[in-house]
file input-v3.tsv (TSV, C-alpha atoms)
chain	number	residue	atom	x	y	z
Q	1223	MET	CA	9.84	-29.18	-62.48
Q	1224	MET	CA	7.57	-28.07	-59.62
Q	1225	THR	CA	5.63	-30.49	-57.48
Q	1226	ASP	CA	2.12	-29.68	-56.25
Q	1227	ASP	CA	3.51	-28.37	-52.97
Q	1228	GLN	CA	5.86	-26.03	-54.81
Q	1229	THR	CA	3.30	-24.27	-57.01
Q	1230	PRO	CA	3.21	-20.46	-56.88
Q	1231	ASP	CA	-0.27	-20.54	-55.30
Q	1232	ALA	CA	0.96	-22.80	-52.53
Q	1233	CYS	CA	3.94	-20.51	-51.88
Q	1234	LYS	CA	1.69	-17.45	-51.68
Q	1235	THR	CA	-0.59	-19.24	-49.21
Q	1236	ALA	CA	2.37	-20.16	-47.02
Q	1237	GLU	CA	3.64	-16.58	-47.05
Q	1238	ALA	CA	0.22	-15.19	-46.21
Q	1239	ALA	CA	-0.24	-17.52	-43.22
Q	1240	PRO	CA	-0.02	-15.53	-39.98
Q	1241	VAL	CA	3.04	-16.05	-37.80
Q	1242	ARG	CA	2.06	-17.46	-34.42
Q	1243	ALA	CA	3.04	-15.04	-31.69
Q	1244	SER	CA	5.41	-16.30	-29.07
Q	1245	ARG	CA	3.81	-16.95	-25.70
Q	1246	ARG	CA	4.73	-14.49	-22.99
Q	1247	GLY	CA	5.21	-15.50	-19.37
Q	1248	ILE	CA	5.37	-13.56	-16.13
Q	1249	TYR	CA	8.17	-13.13	-13.63
Q	1250	LEU	CA	7.63	-15.48	-10.73
Q	1251	LEU	CA	9.70	-14.05	-7.87
Q	1252	PRO	CA	8.24	-10.52	-7.46
Q	1253	ASN	CA	4.72	-11.75	-8.14
Q	1254	LEU	CA	5.10	-14.31	-5.34
Q	1255	PHE	CA	5.57	-11.44	-2.89
Q	1256	THR	CA	2.57	-9.63	-4.40
Q	1257	THR	CA	0.45	-12.77	-4.06
Q	1258	ALA	CA	1.54	-13.18	-0.45
Q	1259	ALA	CA	0.57	-9.55	0.24
Q	1260	LEU	CA	-2.82	-10.17	-1.39
Q	1261	PHE	CA	-3.30	-13.27	0.75
Q	1262	SER	CA	-2.48	-11.29	3.90
Q	1263	GLY	CA	-5.10	-8.68	3.02
Q	1264	PHE	CA	-7.68	-11.38	2.35
Q	1265	TYR	CA	-6.77	-13.12	5.60
Q	1266	ALA	CA	-7.27	-9.83	7.45
Q	1267	ILE	CA	-10.84	-9.61	6.12
Q	1268	ILE	CA	-11.61	-13.21	7.08
Q	1269	SER	CA	-10.11	-12.73	10.56
Q	1270	ALA	CA	-12.19	-9.60	11.16
Q	1271	MET	CA	-15.34	-11.42	10.09
Q	1272	ASN	CA	-14.58	-14.08	12.72
Q	1273	GLY	CA	-13.80	-11.56	15.46
Q	1274	PHE	CA	-10.00	-11.91	15.52
Q	1275	PHE	CA	-9.26	-8.22	15.13
Q	1276	ASP	CA	-5.70	-8.31	16.45
Q	1277	LYS	CA	-4.81	-10.98	13.89
Q	1278	ALA	CA	-6.52	-8.94	11.18
Q	1279	ALA	CA	-4.44	-5.87	12.03
Q	1280	ILE	CA	-1.21	-7.88	12.13
Q	1281	ALA	CA	-2.02	-9.36	8.72
Q	1282	ILE	CA	-2.32	-5.85	7.26
Q	1283	PHE	CA	1.12	-4.96	8.63
Q	1284	ILE	CA	2.53	-8.16	7.13
Q	1285	ALA	CA	1.00	-7.15	3.80
Q	1286	MET	CA	2.83	-3.82	4.12
Q	1287	VAL	CA	6.18	-5.57	4.49
Q	1288	LEU	CA	5.51	-7.88	1.55
Q	1289	ASP	CA	4.31	-4.98	-0.60
Q	1290	GLY	CA	7.54	-3.15	0.07
Q	1291	LEU	CA	9.59	-6.21	-0.84
Q	1292	ASP	CA	7.98	-7.03	-4.19
Q	1293	GLY	CA	9.01	-3.75	-5.80
Q	1294	ARG	CA	12.54	-3.90	-4.43
Q	1295	VAL	CA	12.96	-7.51	-5.51
Q	1296	ALA	CA	11.73	-6.64	-9.00
Q	1297	ARG	CA	14.22	-3.77	-9.29
Q	1298	MET	CA	17.13	-5.77	-7.86
Q	1299	THR	CA	16.51	-8.74	-10.17
Q	1300	ASN	CA	15.52	-6.60	-13.16
Q	1301	THR	CA	12.13	-8.36	-13.38
Q	1302	GLN	CA	9.86	-5.30	-13.61
Q	1303	SER	CA	6.87	-5.63	-15.92
Q	1304	ALA	CA	3.57	-3.96	-16.74
Q	1305	PHE	CA	1.77	-7.07	-15.49
Q	1306	GLY	CA	3.54	-6.83	-12.15
Q	1307	ALA	CA	2.62	-3.16	-11.77
Q	1308	GLU	CA	-1.06	-3.82	-12.45
Q	1309	TYR	CA	-1.11	-6.88	-10.20
Q	1310	ASP	CA	0.53	-4.88	-7.41
Q	1311	SER	CA	-2.14	-2.14	-7.66
Q	1312	LEU	CA	-4.96	-4.69	-7.43
Q	1313	SER	CA	-3.27	-6.31	-4.45
Q	1314	ASP	CA	-2.88	-2.91	-2.78
Q	1315	MET	CA	-6.57	-2.19	-3.24
Q	1316	VAL	CA	-7.48	-5.36	-1.37
Q	1317	SER	CA	-4.81	-5.17	1.34
Q	1318	PHE	CA	-4.76	-1.41	1.98
Q	1319	GLY	CA	-8.16	-0.34	0.68
Q	1320	MET	CA	-10.85	-2.92	1.36
Q	1321	ALA	CA	-9.20	-4.78	4.26
Q	1322	PRO	CA	-8.69	-1.77	6.61
Q	1323	ALA	CA	-12.15	-0.42	5.79
Q	1324	LEU	CA	-13.85	-3.75	6.52
Q	1325	VAL	CA	-11.75	-4.40	9.64
Q	1326	ALA	CA	-12.65	-0.97	11.04
Q	1327	PHE	CA	-16.31	-1.41	10.11
Q	1328	THR	CA	-16.59	-4.88	11.64
Q	1329	TRP	CA	-14.75	-3.86	14.80
Q	1330	SER	CA	-16.39	-0.52	15.52
Q	1331	LEU	CA	-18.21	1.35	12.78
Q	1332	GLN	CA	-21.10	-1.06	12.30
Q	1333	ASP	CA	-22.53	0.16	15.61
Q	1334	LEU	CA	-23.14	3.56	13.96
Q	1335	GLY	CA	-25.40	2.22	11.21
Q	1336	LYS	CA	-25.36	4.22	7.97
Q	1337	LEU	CA	-22.80	6.67	9.31
Q	1338	GLY	CA	-20.46	3.77	9.98
Q	1339	TRP	CA	-20.57	2.21	6.55
Q	1340	MET	CA	-20.34	5.64	4.92
Q	1341	ALA	CA	-17.13	6.33	6.86
Q	1342	ALA	CA	-15.72	2.97	5.76
Q	1343	PHE	CA	-16.74	3.61	2.15
Q	1344	VAL	CA	-15.04	7.01	2.11
Q	1345	TYR	CA	-11.79	5.29	3.07
Q	1346	ALA	CA	-12.17	2.50	0.48
Q	1347	ALA	CA	-13.07	4.92	-2.31
Q	1348	ALA	CA	-10.19	7.22	-1.38
Q	1349	ALA	CA	-7.77	4.28	-1.53
Q	1350	ALA	CA	-8.97	3.43	-5.05
Q	1351	LEU	CA	-8.66	7.06	-6.18
Q	1352	ARG	CA	-5.22	7.37	-4.62
Q	1353	LEU	CA	-3.93	4.26	-6.40
Q	1354	ALA	CA	-5.39	5.41	-9.72
Q	1355	ARG	CA	-3.77	8.86	-9.36
Q	1356	PHE	CA	-0.45	7.32	-8.37
Q	1357	ASN	CA	-0.42	5.05	-11.44
Q	1358	THR	CA	-1.26	7.87	-13.85
Q	1359	GLN	CA	1.35	10.27	-12.39
Q	1360	LEU	CA	4.12	7.72	-11.97
Q	1361	ALA	CA	6.17	9.01	-14.90
Q	1362	VAL	CA	6.11	12.68	-13.83
Q	1363	ALA	CA	5.96	12.45	-10.02
Q	1364	ASP	CA	8.80	13.50	-7.75
Q	1365	LYS	CA	10.45	10.30	-6.56
Q	1366	ASN	CA	11.36	11.81	-3.19
Q	1367	PHE	CA	7.78	12.69	-2.23
Q	1368	PHE	CA	4.34	11.12	-2.33
Q	1369	THR	CA	1.36	13.27	-3.23
Q	1370	GLY	CA	-1.08	12.33	-0.50
Q	1371	LEU	CA	-0.61	9.75	2.22
Q	1372	ALA	CA	0.45	6.40	0.73
Q	1373	SER	CA	-2.21	3.71	1.01
Q	1374	PRO	CA	0.00	1.34	3.11
Q	1375	SER	CA	0.60	4.12	5.64
Q	1376	ALA	CA	-3.10	4.94	5.82
Q	1377	ALA	CA	-3.86	1.25	6.30
Q	1378	ALA	CA	-1.26	1.09	9.07
Q	1379	LEU	CA	-2.90	4.06	10.79
Q	1380	VAL	CA	-6.32	2.35	10.81
Q	1381	ALA	CA	-5.06	-1.17	11.55
Q	1382	GLY	CA	-2.65	0.08	14.21
Q	1383	THR	CA	-5.51	1.80	16.03
Q	1384	VAL	CA	-7.59	-1.38	16.00
Q	1385	TRP	CA	-4.61	-3.46	17.14
Q	1386	ALA	CA	-3.59	-1.11	19.96
Q	1387	PHE	CA	-7.09	-0.72	21.40
Q	1388	SER	CA	-7.75	-4.47	21.10
Q	1389	GLU	CA	-4.61	-5.25	23.10
Q	1390	MET	CA	-5.64	-2.72	25.76
Q	1391	GLY	CA	-9.00	-4.44	26.09
Q	1392	VAL	CA	-10.96	-1.51	24.66
Q	1393	SER	CA	-13.95	-2.56	22.59
Q	1394	GLY	CA	-14.76	-1.03	19.23
Q	1395	GLU	CA	-18.08	0.21	20.54
Q	1396	ASP	CA	-16.31	2.37	23.13
Q	1397	VAL	CA	-14.33	4.24	20.46
Q	1398	ARG	CA	-16.81	4.16	17.59
Q	1399	TRP	CA	-16.94	7.96	17.30
Q	1400	LEU	CA	-13.15	8.17	17.26
Q	1401	MET	CA	-13.06	5.60	14.43
Q	1402	ALA	CA	-15.83	7.45	12.60
Q	1403	PHE	CA	-13.49	10.45	12.54
Q	1404	LEU	CA	-10.17	8.65	12.01
Q	1405	VAL	CA	-11.13	6.33	9.14
Q	1406	PRO	CA	-12.49	8.98	6.70
Q	1407	VAL	CA	-9.70	11.41	7.66
Q	1408	ALA	CA	-7.13	8.75	6.74
Q	1409	GLY	CA	-8.95	8.37	3.43
Q	1410	LEU	CA	-8.97	12.12	2.78
Q	1411	LEU	CA	-5.24	12.33	3.51
Q	1412	MET	CA	-4.67	9.76	0.75
Q	1413	VAL	CA	-6.37	11.93	-1.88
Q	1414	SER	CA	-5.00	15.23	-0.58
Q	1415	ASN	CA	-2.24	17.22	-2.25
Q	1416	LEU	CA	-0.06	17.14	0.86
Q	1417	LYS	CA	3.52	16.03	0.31
Q	1418	TYR	CA	4.97	13.10	2.23
Q	1419	HIS	CA	8.58	11.93	2.17
Q	1420	SER	CA	8.87	8.67	0.23
Q	1421	PHE	CA	12.33	7.75	1.59
Q	1422	LYS	CA	13.16	6.31	-1.83
Q	1423	GLY	CA	16.36	8.30	-1.86
Q	1424	LEU	CA	17.87	6.19	0.91
Q	1425	ASP	CA	20.92	4.31	-0.32
Q	1426	LEU	CA	20.63	0.82	1.16
Q	1427	ARG	CA	23.64	-0.46	-0.73
Q	1428	GLY	CA	26.15	2.12	0.44
Q	1429	LYS	CA	28.30	2.01	3.56
Q	1430	VAL	CA	27.00	3.46	6.81
Q	1431	PRO	CA	28.70	4.24	10.13
Q	1432	PHE	CA	28.68	1.59	12.84
Q	1433	VAL	CA	26.44	3.81	14.96
Q	1434	ALA	CA	23.73	3.63	12.29
Q	1435	LEU	CA	23.59	-0.15	12.63
Q	1436	LEU	CA	23.34	0.20	16.40
Q	1437	VAL	CA	20.43	2.63	16.02
Q	1438	ILE	CA	18.61	0.14	13.76
Q	1439	VAL	CA	19.04	-2.59	16.37
Q	1440	LEU	CA	17.63	-0.29	19.06
Q	1441	VAL	CA	14.65	0.56	16.84
Q	1442	PHE	CA	13.86	-3.15	16.46
Q	1443	VAL	CA	14.11	-3.62	20.22
Q	1444	VAL	CA	11.73	-0.73	20.91
Q	1445	VAL	CA	9.22	-1.99	18.33
Q	1446	PHE	CA	9.19	-5.49	19.79
Q	1447	LEU	CA	8.63	-4.18	23.31
Q	1448	ASP	CA	5.10	-3.12	22.36
Q	1449	PRO	CA	4.56	-3.52	18.58
Q	1450	ALA	CA	0.98	-2.24	18.48
Q	1451	LYS	CA	1.58	1.06	20.29
Q	1452	VAL	CA	5.00	1.75	18.81
Q	1453	LEU	CA	3.92	1.12	15.22
Q	1454	LEU	CA	0.78	3.19	15.72
Q	1455	SER	CA	2.88	6.07	17.08
Q	1456	ILE	CA	5.28	5.86	14.13
Q	1457	PHE	CA	2.58	5.93	11.47
Q	1458	PHE	CA	0.50	8.50	13.33
Q	1459	GLY	CA	3.54	10.76	13.35
Q	1460	TYR	CA	4.13	10.08	9.66
Q	1461	ALA	CA	0.50	10.96	8.86
Q	1462	LEU	CA	0.96	14.27	10.68
Q	1463	SER	CA	4.22	14.99	8.85
Q	1464	GLY	CA	2.31	15.93	5.68
Q	1465	PRO	CA	0.30	18.78	7.26
Q	1466	ALA	CA	3.38	19.83	9.25
Q	1467	LEU	CA	5.48	20.03	6.08
Q	1468	TYR	CA	2.73	22.05	4.36
Q	1469	ILE	CA	2.52	24.52	7.25
Q	1470	SER	CA	6.31	24.83	7.37
Q	1471	ARG	CA	6.50	25.62	3.66
Q	1472	ARG	CA	3.72	28.18	3.92
Q	1473	MET	CA	5.47	29.90	6.81
Q	1474	ARG	CA	8.78	30.05	4.92
Q	1475	LYS	CA	7.01	31.44	1.88
Q	1476	SER	CA	5.30	34.12	3.97
Q	1477	ARG	CA	8.62	35.11	5.52
Q	1478	ARG	CA	10.27	35.44	2.10
Q	1479	GLN	CA	7.39	37.59	0.85
Q	1480	ALA	CA	7.54	39.74	3.96

call {"tool": "encode", "arguments": {"input": "input-v3.tsv", "output": "structure tokens"}}
result
Amino acid sequence: MMTDDQTPDACKTAEAAPVRASRRGIYLLPNLFTTAALFSGFYAIISAMNGFFDKAAIAIFIAMVLDGLDGRVARMTNTQSAFGAEYDSLSDMVSFGMAPALVAFTWSLQDLGKLGWMAAFVYAAAAALRLARFNTQLAVADKNFFTGLASPSAAALVAGTVWAFSEMGVSGEDVRWLMAFLVPVAGLLMVSNLKYHSFKGLDLRGKVPFVALLVIVLVFVVVFLDPAKVLLSIFFGYALSGPALYISRRMRKSRRQA
């Protein structure tokens, strides 16, 4: 004999009731690094607004280090997720798109009026376009090369210039025309089709000769002797490596055709 709760209608209602979806969480460790990178970019903007341009530039470099760590930590701990990828892109837009543009504008470009904010906007818009292109081509892109200058490297080029000149006592007004050229050029390099080495093929887990470790120590020593100038030189050289690689390939192609 069936009770009221066991009637066919009651059974059908129970079967038709939707199953409550399990709640999904997010991975904490890699997103902590992403949040720290986002905070560094935000801090750079606040520091520039208060006139601490050297601190603003340093904060952008710290964001670069943290941005490089979050992806590696996610891969090493097998905590990659679609949420983390989207969060990382938004963080990059703040730290390497808006922050360098606003730091450069506040330090130097605002003295040029409309030309100044247009130069800063070209950089910010190029950073957004570069990140969007990178995300859409991630599945088919060559892992050994970036198409266009990576946004952290472009940010380092702009922030390194501000940092180096600030330490030398040069005001932004004195180099406003240089910044009006450098900032949009850095943006255009991001959206160019030039190839840049990604260095993702480096095997950090394998064994290396003892001399390699000694070279790394010497590199750290040289960087700490004058961080602003050394880092600016490194990233300026990296920015030029794209056009140099393009010219080299064109010359080899012309020789083969000849």

call {"tool": "closest_residue", "arguments": {"input": "input-v3.tsv", "among": "Q:Leu1379, Q:Val1444, Q:Leu1288, Q:Val1433", "to": "Q:Tyr1345", "atoms": "all atoms listed in the file"}}
result
Q:Leu1379

call {"tool": "residues_around", "arguments": {"input": "input-v3.tsv", "residues": "stretch 1381-1386 of chain Q", "least_positions_apart": "5", "cutoff": "7 Å", "atoms": "all atoms listed in the file", "output": "ChimeraX atom specification"}}
result
/Q:1275-1276,1279,1282,1322,1450-1451,1453-1454

call {"tool": "closest_residue", "arguments": {"input": "input-v3.tsv", "among": "Q:Leu1440, Q:Ala1402, Q:Val1295, Q:Ile1284", "to": "Q:Val1380", "atoms": "all atoms listed in the file"}}
result
Q:Ala1402

call {"tool": "closest_atom_pairs", "arguments": {"input": "input-v3.tsv", "of": "stretch 1256-1301 of chain Q", "to": "stretch 1324-1343 of chain Q", "cutoff": "9 Å", "atoms": "only C-alpha atoms", "output": "CSV"}}
result
residue,atom,partner,partner_atom,distance
Q:Ala1266,CA,Q:Val1325,CA,7.4
Q:Ile1267,CA,Q:Val1325,CA,6.4
Q:Ser1269,CA,Q:Val1325,CA,8.5
Q:Ala1270,CA,Q:Val1325,CA,5.4
Q:Met1271,CA,Q:Thr1328,CA,6.8
Q:Gly1273,CA,Q:Trp1329,CA,7.8
Q:Phe1275,CA,Q:Trp1329,CA,7.0
Q:Ala1278,CA,Q:Val1325,CA,7.1
Q:Ala1279,CA,Q:Val1325,CA,7.8

call {"tool": "closest_residue", "arguments": {"input": "input-v3.tsv", "among": "Q:Asp1314, Q:Asp1448, Q:Glu1389, Q:Glu1308", "to": "Q:Ala1349", "atoms": "all atoms listed in the file"}}
result
Q:Asp1314

call {"tool": "closest_residue", "arguments": {"input": "input-v3.tsv", "among": "Q:Leu1411, Q:Ala1378, Q:Val1430, Q:Val1405", "to": "Q:Ile1280", "atoms": "all atoms listed in the file"}}
result
Q:Ala1378

call {"tool": "residues_around", "arguments": {"input": "input-v3.tsv", "residues": "Q:Ala1296", "least_positions_apart": "6", "cutoff": "10 Å", "atoms": "all atoms listed in the file", "output": "PyMOL selection string"}}
result
chain Q and resi 1249-1253+1255+1302-1303+1306

call {"tool": "residues_around", "arguments": {"input": "input-v3.tsv", "residues": "Q:Asp1310", "least_positions_apart": "3", "cutoff": "12 Å", "atoms": "only C-alpha atoms", "output": "VMD selection string"}}
result
chain Q and resid 1252 to 1260 1285 to 1286 1288 to 1293 1296 1302 to 1307 1313 to 1318 1353 1357

call {"tool": "atom_distance", "arguments": {"input": "input-v3.tsv", "atom1": "atom CA of Q:Val1413", "atom2": "atom CA of Q:Arg1355"}}
result
8.5 Å

call {"tool": "closest_residue", "arguments": {"input": "input-v3.tsv", "among": "Q:Leu1416, Q:Met1390, Q:Leu1410, Q:Leu1462", "to": "Q:Gly1370", "atoms": "all atoms listed in the file"}}
result
Q:Leu1416

call {"tool": "closest_residue", "arguments": {"input": "input-v3.tsv", "among": "Q:Val1397, Q:Leu1404, Q:Ala1281, Q:Leu1467", "to": "Q:Phe1367", "atoms": "only C-alpha atoms"}}
result
Q:Leu1467

call {"tool": "atom_distance", "arguments": {"input": "input-v3.tsv", "atom1": "atom CA of Q:Leu1447", "atom2": "atom CA of Q:Phe1274"}}
result
21.6 Å

call {"tool": "decode", "arguments": {"input": "input-v3.tsv", "residues": "stretch 1298-1403 of chain Q", "atoms": "C-alpha atoms", "output": "PDB file, in the first residue's frame"}}
result
ATOM      1  CA  MET Q1298      53.773  23.526 -11.824  1.00  0.00           C
ATOM      2  CA  THR Q1299      50.848  22.904  -9.458  1.00  0.00           C
ATOM      3  CA  ASN Q1300      48.432  21.911 -12.231  1.00  0.00           C
ATOM      4  CA  THR Q1301      45.999  24.676 -11.190  1.00  0.00           C
ATOM      5  CA  GLN Q1302      45.353  26.248 -14.605  1.00  0.00           C
ATOM      6  CA  SER Q1303      41.803  27.425 -15.236  1.00  0.00           C
ATOM      7  CA  ALA Q1304      39.783  29.591 -17.601  1.00  0.00           C
ATOM      8  CA  PHE Q1305      39.058  31.947 -14.709  1.00  0.00           C
ATOM      9  CA  GLY Q1306      42.768  32.363 -14.030  1.00  0.00           C
ATOM     10  CA  ALA Q1307      43.486  33.130 -17.685  1.00  0.00           C
ATOM     11  CA  GLU Q1308      40.795  35.817 -17.841  1.00  0.00           C
ATOM     12  CA  TYR Q1309      41.827  37.292 -14.499  1.00  0.00           C
ATOM     13  CA  ASP Q1310      45.451  37.407 -15.648  1.00  0.00           C
ATOM     14  CA  SER Q1311      44.495  39.311 -18.826  1.00  0.00           C
ATOM     15  CA  LEU Q1312      42.541  41.909 -16.841  1.00  0.00           C
ATOM     16  CA  SER Q1313      45.448  42.289 -14.444  1.00  0.00           C
ATOM     17  CA  ASP Q1314      47.855  42.722 -17.374  1.00  0.00           C
ATOM     18  CA  MET Q1315      45.676  45.458 -18.826  1.00  0.00           C
ATOM     19  CA  VAL Q1316      45.919  47.439 -15.601  1.00  0.00           C
ATOM     20  CA  SER Q1317      49.585  46.756 -14.826  1.00  0.00           C
ATOM     21  CA  PHE Q1318      51.054  46.872 -18.338  1.00  0.00           C
ATOM     22  CA  GLY Q1319      48.444  48.886 -20.227  1.00  0.00           C
ATOM     23  CA  MET Q1320      46.913  51.627 -18.108  1.00  0.00           C
ATOM     24  CA  ALA Q1321      49.678  52.006 -15.495  1.00  0.00           C
ATOM     25  CA  PRO Q1322      52.589  52.743 -17.905  1.00  0.00           C
ATOM     26  CA  ALA Q1323      50.409  55.063 -19.993  1.00  0.00           C
ATOM     27  CA  LEU Q1324      49.268  57.050 -16.952  1.00  0.00           C
ATOM     28  CA  VAL Q1325      52.745  57.121 -15.397  1.00  0.00           C
ATOM     29  CA  ALA Q1326      54.243  58.467 -18.640  1.00  0.00           C
ATOM     30  CA  PHE Q1327      51.423  60.974 -19.042  1.00  0.00           C
ATOM     31  CA  THR Q1328      51.649  62.263 -15.470  1.00  0.00           C
ATOM     32  CA  TRP Q1329      55.441  62.469 -15.574  1.00  0.00           C
ATOM     33  CA  SER Q1330      55.964  64.046 -18.982  1.00  0.00           C
ATOM     34  CA  LEU Q1331      53.242  63.898 -21.604  1.00  0.00           C
ATOM     35  CA  GLN Q1332      50.706  66.142 -19.878  1.00  0.00           C
ATOM     36  CA  ASP Q1333      52.910  69.114 -20.755  1.00  0.00           C
ATOM     37  CA  LEU Q1334      52.092  68.500 -24.434  1.00  0.00           C
ATOM     38  CA  GLY Q1335      48.328  68.889 -24.039  1.00  0.00           C
ATOM     39  CA  LYS Q1336      46.223  66.918 -26.523  1.00  0.00           C
ATOM     40  CA  LEU Q1337      49.284  65.424 -28.194  1.00  0.00           C
ATOM     41  CA  GLY Q1338      50.373  64.038 -24.843  1.00  0.00           C
ATOM     42  CA  TRP Q1339      47.151  62.275 -23.947  1.00  0.00           C
ATOM     43  CA  MET Q1340      46.804  60.979 -27.509  1.00  0.00           C
ATOM     44  CA  ALA Q1341      50.266  59.392 -27.253  1.00  0.00           C
ATOM     45  CA  ALA Q1342      49.309  57.793 -23.933  1.00  0.00           C
ATOM     46  CA  PHE Q1343      46.004  56.565 -25.365  1.00  0.00           C
ATOM     47  CA  VAL Q1344      47.726  54.952 -28.355  1.00  0.00           C
ATOM     48  CA  TYR Q1345      49.810  52.914 -25.924  1.00  0.00           C
ATOM     49  CA  ALA Q1346      46.832  51.923 -23.740  1.00  0.00           C
ATOM     50  CA  ALA Q1347      44.689  50.952 -26.733  1.00  0.00           C
ATOM     51  CA  ALA Q1348      47.556  48.977 -28.272  1.00  0.00           C
ATOM     52  CA  ALA Q1349      48.010  47.063 -25.010  1.00  0.00           C
ATOM     53  CA  ALA Q1350      44.318  46.111 -25.019  1.00  0.00           C
ATOM     54  CA  LEU Q1351      44.462  45.021 -28.667  1.00  0.00           C
ATOM     55  CA  ARG Q1352      47.643  43.047 -28.073  1.00  0.00           C
ATOM     56  CA  LEU Q1353      46.136  41.154 -25.134  1.00  0.00           C
ATOM     57  CA  ALA Q1354      42.956  40.417 -27.093  1.00  0.00           C
ATOM     58  CA  ARG Q1355      44.963  39.100 -30.063  1.00  0.00           C
ATOM     59  CA  PHE Q1356      47.166  37.003 -27.798  1.00  0.00           C
ATOM     60  CA  ASN Q1357      44.147  35.374 -26.130  1.00  0.00           C
ATOM     61  CA  THR Q1358      42.445  34.548 -29.431  1.00  0.00           C
ATOM     62  CA  GLN Q1359      45.614  33.098 -31.022  1.00  0.00           C
ATOM     63  CA  LEU Q1360      46.810  31.192 -27.968  1.00  0.00           C
ATOM     64  CA  ALA Q1361      45.868  27.774 -29.349  1.00  0.00           C
ATOM     65  CA  VAL Q1362      47.604  28.226 -32.725  1.00  0.00           C
ATOM     66  CA  ALA Q1363      50.532  30.513 -31.874  1.00  0.00           C
ATOM     67  CA  ASP Q1364      54.156  29.397 -31.972  1.00  0.00           C
ATOM     68  CA  LYS Q1365      55.208  28.880 -28.360  1.00  0.00           C
ATOM     69  CA  ASN Q1366      58.790  29.951 -29.077  1.00  0.00           C
ATOM     70  CA  PHE Q1367      57.865  33.395 -30.412  1.00  0.00           C
ATOM     71  CA  PHE Q1368      55.544  36.261 -29.540  1.00  0.00           C
ATOM     72  CA  THR Q1369      53.755  38.092 -32.332  1.00  0.00           C
ATOM     73  CA  GLY Q1370      54.416  41.691 -31.390  1.00  0.00           C
ATOM     74  CA  LEU Q1371      56.231  42.980 -28.340  1.00  0.00           C
ATOM     75  CA  ALA Q1372      54.769  41.445 -25.163  1.00  0.00           C
ATOM     76  CA  SER Q1373      52.904  43.948 -22.990  1.00  0.00           C
ATOM     77  CA  PRO Q1374      55.196  43.445 -19.929  1.00  0.00           C
ATOM     78  CA  SER Q1375      58.249  44.219 -22.071  1.00  0.00           C
ATOM     79  CA  ALA Q1376      56.610  47.328 -23.515  1.00  0.00           C
ATOM     80  CA  ALA Q1377      55.674  48.423 -20.001  1.00  0.00           C
ATOM     81  CA  ALA Q1378      59.275  47.854 -18.882  1.00  0.00           C
ATOM     82  CA  LEU Q1379      60.513  50.016 -21.760  1.00  0.00           C
ATOM     83  CA  VAL Q1380      58.275  52.935 -20.729  1.00  0.00           C
ATOM     84  CA  ALA Q1381      58.674  52.505 -16.966  1.00  0.00           C
ATOM     85  CA  GLY Q1382      62.423  51.959 -17.269  1.00  0.00           C
ATOM     86  CA  THR Q1383      62.785  55.247 -19.144  1.00  0.00           C
ATOM     87  CA  VAL Q1384      60.855  57.114 -16.450  1.00  0.00           C
ATOM     88  CA  TRP Q1385      62.866  55.419 -13.697  1.00  0.00           C
ATOM     89  CA  ALA Q1386      66.272  56.039 -15.291  1.00  0.00           C
ATOM     90  CA  PHE Q1387      65.653  59.711 -16.059  1.00  0.00           C
ATOM     91  CA  SER Q1388      64.130  60.298 -12.608  1.00  0.00           C
ATOM     92  CA  GLU Q1389      67.231  58.875 -10.923  1.00  0.00           C
ATOM     93  CA  MET Q1390      69.454  61.089 -13.096  1.00  0.00           C
ATOM     94  CA  GLY Q1391      67.490  64.142 -11.995  1.00  0.00           C
ATOM     95  CA  VAL Q1392      66.012  64.786 -15.440  1.00  0.00           C
ATOM     96  CA  SER Q1393      62.472  66.131 -15.327  1.00  0.00           C
ATOM     97  CA  GLY Q1394      59.710  64.824 -17.543  1.00  0.00           C
ATOM     98  CA  GLU Q1395      59.294  68.230 -19.125  1.00  0.00           C
ATOM     99  CA  ASP Q1396      62.861  68.113 -20.439  1.00  0.00           C
ATOM    100  CA  VAL Q1397      62.231  64.874 -22.352  1.00  0.00           C
ATOM    101  CA  ARG Q1398      58.562  65.297 -23.229  1.00  0.00           C
ATOM    102  CA  TRP Q1399      59.198  65.037 -26.975  1.00  0.00           C
ATOM    103  CA  LEU Q1400      61.251  61.884 -26.496  1.00  0.00           C
ATOM    104  CA  MET Q1401      58.384  60.349 -24.480  1.00  0.00           C
ATOM    105  CA  ALA Q1402      55.874  61.501 -27.102  1.00  0.00           C
ATOM    106  CA  PHE Q1403      57.820  59.370 -29.584  1.00  0.00           C
TER     107      PHE Q1403
END
